[in-house]
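**Q** Below you'll find the structure I mean.
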Amino acid sequence: MMPRSSHGSTPRVSVPGAPARRPWQDQLRRDPRGFFCLQTEATRGIEVRLFLTPALLEELDDDVYGQILNATSFPGVKLVVITPDVHSGYGVPVGCIILTDAERGAVAMGPVGYDIGCGMISARSQVPVAEATPERRLAFNREVTRRVAMGPGGGSRHLRDLEQDEFLRIVRGGADYYVERYAPQVDRTRTERNRFPVDDDWEVPWGGRGRPERGIGQLGSLGGGNHFIELQACLQTGTLFVQVHTGSRGFGHGLATNYFHLAKAEKPDRITQLDLGFFTPDSRHYRSYLNAVSAGGNFAIVNRLIIYEQVARAFTDVFGAPLDLVYEISHNLVQLEEHPEFGRVWVHRKGATRAFPGGHPALTGTMWEREGHPVLIPGSNFDHSFILRPLPGARHSAYSVNHGAGRRLSRAFAERHLDRRAIEEEYRHAGIVVNTNQRVPIDEAGPCYKPAGEVVGCVVAAGLARIEYELAPLASLKGD
DNA sequence: ATGTAC
């Protein structure tokens, strides 16, 4: 039996204090290419493209506007794109893409964030959905819980006591090194990038502010917050899928913290928080920070591969069949790309996912060159997730789409106003097994997120991507 | 996001 759509029953919760109409909305003009455009004195003449439905626009927090203006404030910005899952971040919105000039522009820190390289990995099976009985959903969660550490502070279970030298080889060599040395069975062609290049003369700032060395013992651990592992039913194939969301743990966080303090020391008058931190090419830390992003990105990729292997073992134990990797991709990075309108640019994706359609030069010679690479979009653990394929229209959004449903309720608001018992009962009724005790982290529950179908619908309507697979949650694992 | 602030 195919599970029914769950997102339709996600209750709309009105956000208190949001005025019915905000003046900045009146400055938006509709562009015939399928987005709203904001280009004013306040944006310094920089074009901001907003991919939003009127309803999603209506519910935006007031401070998102201020954060959009922050996003236009970095030196050498050429374009800012807002995705339909946008919500308030720290200084720039989560759900934005910032293009800066590759030769003279800034590489900005906030638009990469603390969780450098955070992203998704998805796998599919040929196991019919009916095999996932309630008992097996719980068994799957138990088997995964045995193999993967979850929650803040969680440590590595499979690369314990890693020597610093070997850790360095991993964060320098990325998936190329990891797969060759540890996991030759993993298909390396199914990652967004196998390895971000790290200069030989760059050194991890061991012992620096942020202490990135705490990441050494964390390879293969999930983390907390919105990181998760999920067993899913695919509506198109009628088979089981699995999806993982995780990032660079204490390593990326430590690197981001370290370089933020260096940026602050350089421009104490201007840079007061990570979100406003940036380096221009004349900074002595410019190349060094880019190396840190590469190393953090490599950690995140390998972290996802390790967890995927463990989840695949759990899956095989419970369902007696293998998982096949679909794709691995980040939504928190800065990468050098060639853009038809803007030339060579640093593309910062903060809660946004790369979306190269078929025919994009960067895909030439890969298995994705005709149809584009898969794009992995999680919904909440009470809602559907999606695997998309980019379309040529994605050139208007800097070859990017959203990264999820987008938060709608703040964690604090959720803790205060959501009814835990009622929510846990809803999950039980929907047959969604949460962890091994059905305890739903309340600040991560379904109502905390926008309806994924509405958000993805906006991306589809704008011609950025098409839906390849829609996935309903069966079992959800979250730390913390 | 994060050995959950300075």
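By order of appearance in the structure tokens: chains A, B, ..., then residues from 1 within every chain, and ligands from 1 in the order shown.
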Write out as a ChimeraX atom specification each polymer residue whose atoms come within 12 Å of region 3-5 of chain B, counting only C-alpha atoms (C1' of nucleotides); drop sequence neighbours fewer than 6 positions from it.

**A** /A:151-155,210-215,217-218,224-225,249-251,253-254,480

**Q** Measure the distance from CA of Pro322 (chain A) to CA of Met367 (chain A) in Å and round it to one decimal.

**A**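 Here the two named atoms are 21.7 Å from each other.
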
**Q** What is the CA of Glu135 (chain A) to CA of Tyr469 (chain A) distance in Å?

**A** 25.4 Å

**Q** Skip Ile121 (chain A) itself and residues of its chain fewer than 5 positions away, then list as an MDAnalysis selection string all residues within 8 Å of it, counting only C-alpha atoms (C1' of nucleotides).

**A** chainID A and resid 243:245 304:305 308 325:329 376

**Q** Write the residues of the preceding selection, restricted to N, CA, C and O atoms, as a PDB file, in the first residue's frame.

**A**
ATOM      1  N   GLN A 243      17.572   8.599   2.753  1.00  0.00           N
ATOM      2  CA  GLN A 243      18.176   9.913   2.577  1.00  0.00           C
ATOM      3  C   GLN A 243      18.875  10.345   3.870  1.00  0.00           C
ATOM      4  O   GLN A 243      18.379  10.082   4.962  1.00  0.00           O
ATOM      5  N   VAL A 244      20.013  11.001   3.717  1.00  0.00           N
ATOM      6  CA  VAL A 244      20.794  11.462   4.872  1.00  0.00           C
ATOM      7  C   VAL A 244      21.120  12.943   4.710  1.00  0.00           C
ATOM      8  O   VAL A 244      21.478  13.389   3.611  1.00  0.00           O
ATOM      9  N   HIS A 245      21.005  13.706   5.788  1.00  0.00           N
ATOM     10  CA  HIS A 245      21.367  15.123   5.802  1.00  0.00           C
ATOM     11  C   HIS A 245      22.404  15.359   6.895  1.00  0.00           C
ATOM     12  O   HIS A 245      22.119  15.132   8.076  1.00  0.00           O
ATOM     13  N   ARG A 304      29.238  12.069   4.686  1.00  0.00           N
ATOM     14  CA  ARG A 304      28.003  11.524   4.096  1.00  0.00           C
ATOM     15  C   ARG A 304      28.222  10.120   3.545  1.00  0.00           C
ATOM     16  O   ARG A 304      27.359   9.254   3.668  1.00  0.00           O
ATOM     17  N   LEU A 305      29.385   9.890   2.930  1.00  0.00           N
ATOM     18  CA  LEU A 305      29.647   8.561   2.369  1.00  0.00           C
ATOM     19  C   LEU A 305      29.758   7.510   3.465  1.00  0.00           C
ATOM     20  O   LEU A 305      29.248   6.392   3.328  1.00  0.00           O
ATOM     21  N   TYR A 308      26.327   6.860   4.828  1.00  0.00           N
ATOM     22  CA  TYR A 308      25.582   6.109   3.815  1.00  0.00           C
ATOM     23  C   TYR A 308      25.945   4.616   3.852  1.00  0.00           C
ATOM     24  O   TYR A 308      25.062   3.752   3.805  1.00  0.00           O
ATOM     25  N   LEU A 325      23.392   4.014  -4.527  1.00  0.00           N
ATOM     26  CA  LEU A 325      23.556   5.454  -4.390  1.00  0.00           C
ATOM     27  C   LEU A 325      22.864   6.180  -5.548  1.00  0.00           C
ATOM     28  O   LEU A 325      23.024   5.790  -6.712  1.00  0.00           O
ATOM     29  N   VAL A 326      22.073   7.194  -5.229  1.00  0.00           N
ATOM     30  CA  VAL A 326      21.485   8.048  -6.270  1.00  0.00           C
ATOM     31  C   VAL A 326      22.401   9.243  -6.519  1.00  0.00           C
ATOM     32  O   VAL A 326      22.873   9.472  -7.634  1.00  0.00           O
ATOM     33  N   TYR A 327      22.685   9.999  -5.447  1.00  0.00           N
ATOM     34  CA  TYR A 327      23.534  11.181  -5.613  1.00  0.00           C
ATOM     35  C   TYR A 327      23.905  11.737  -4.247  1.00  0.00           C
ATOM     36  O   TYR A 327      23.258  11.430  -3.243  1.00  0.00           O
ATOM     37  N   GLU A 328      24.939  12.545  -4.250  1.00  0.00           N
ATOM     38  CA  GLU A 328      25.423  13.223  -3.039  1.00  0.00           C
ATOM     39  C   GLU A 328      25.656  14.673  -3.434  1.00  0.00           C
ATOM     40  O   GLU A 328      26.306  14.949  -4.439  1.00  0.00           O
ATOM     41  N   ILE A 329      25.089  15.617  -2.660  1.00  0.00           N
ATOM     42  CA  ILE A 329      25.224  17.040  -3.043  1.00  0.00           C
ATOM     43  C   ILE A 329      25.087  17.963  -1.828  1.00  0.00           C
ATOM     44  O   ILE A 329      24.336  17.677  -0.899  1.00  0.00           O
ATOM     45  N   LEU A 376      18.761  16.915  -4.577  1.00  0.00           N
ATOM     46  CA  LEU A 376      18.138  16.249  -3.425  1.00  0.00           C
ATOM     47  C   LEU A 376      17.512  17.276  -2.493  1.00  0.00           C
ATOM     48  O   LEU A 376      18.213  18.095  -1.897  1.00  0.00           O
TER      49      LEU A 376
END

**Q** With DSSP run on the backbone, what are the alpha helix (DSSP H) residues within region 414-452 of chain A? I'd like them as a PyMOL selection string.

**A** chain A and resi 414-417+420-430+452
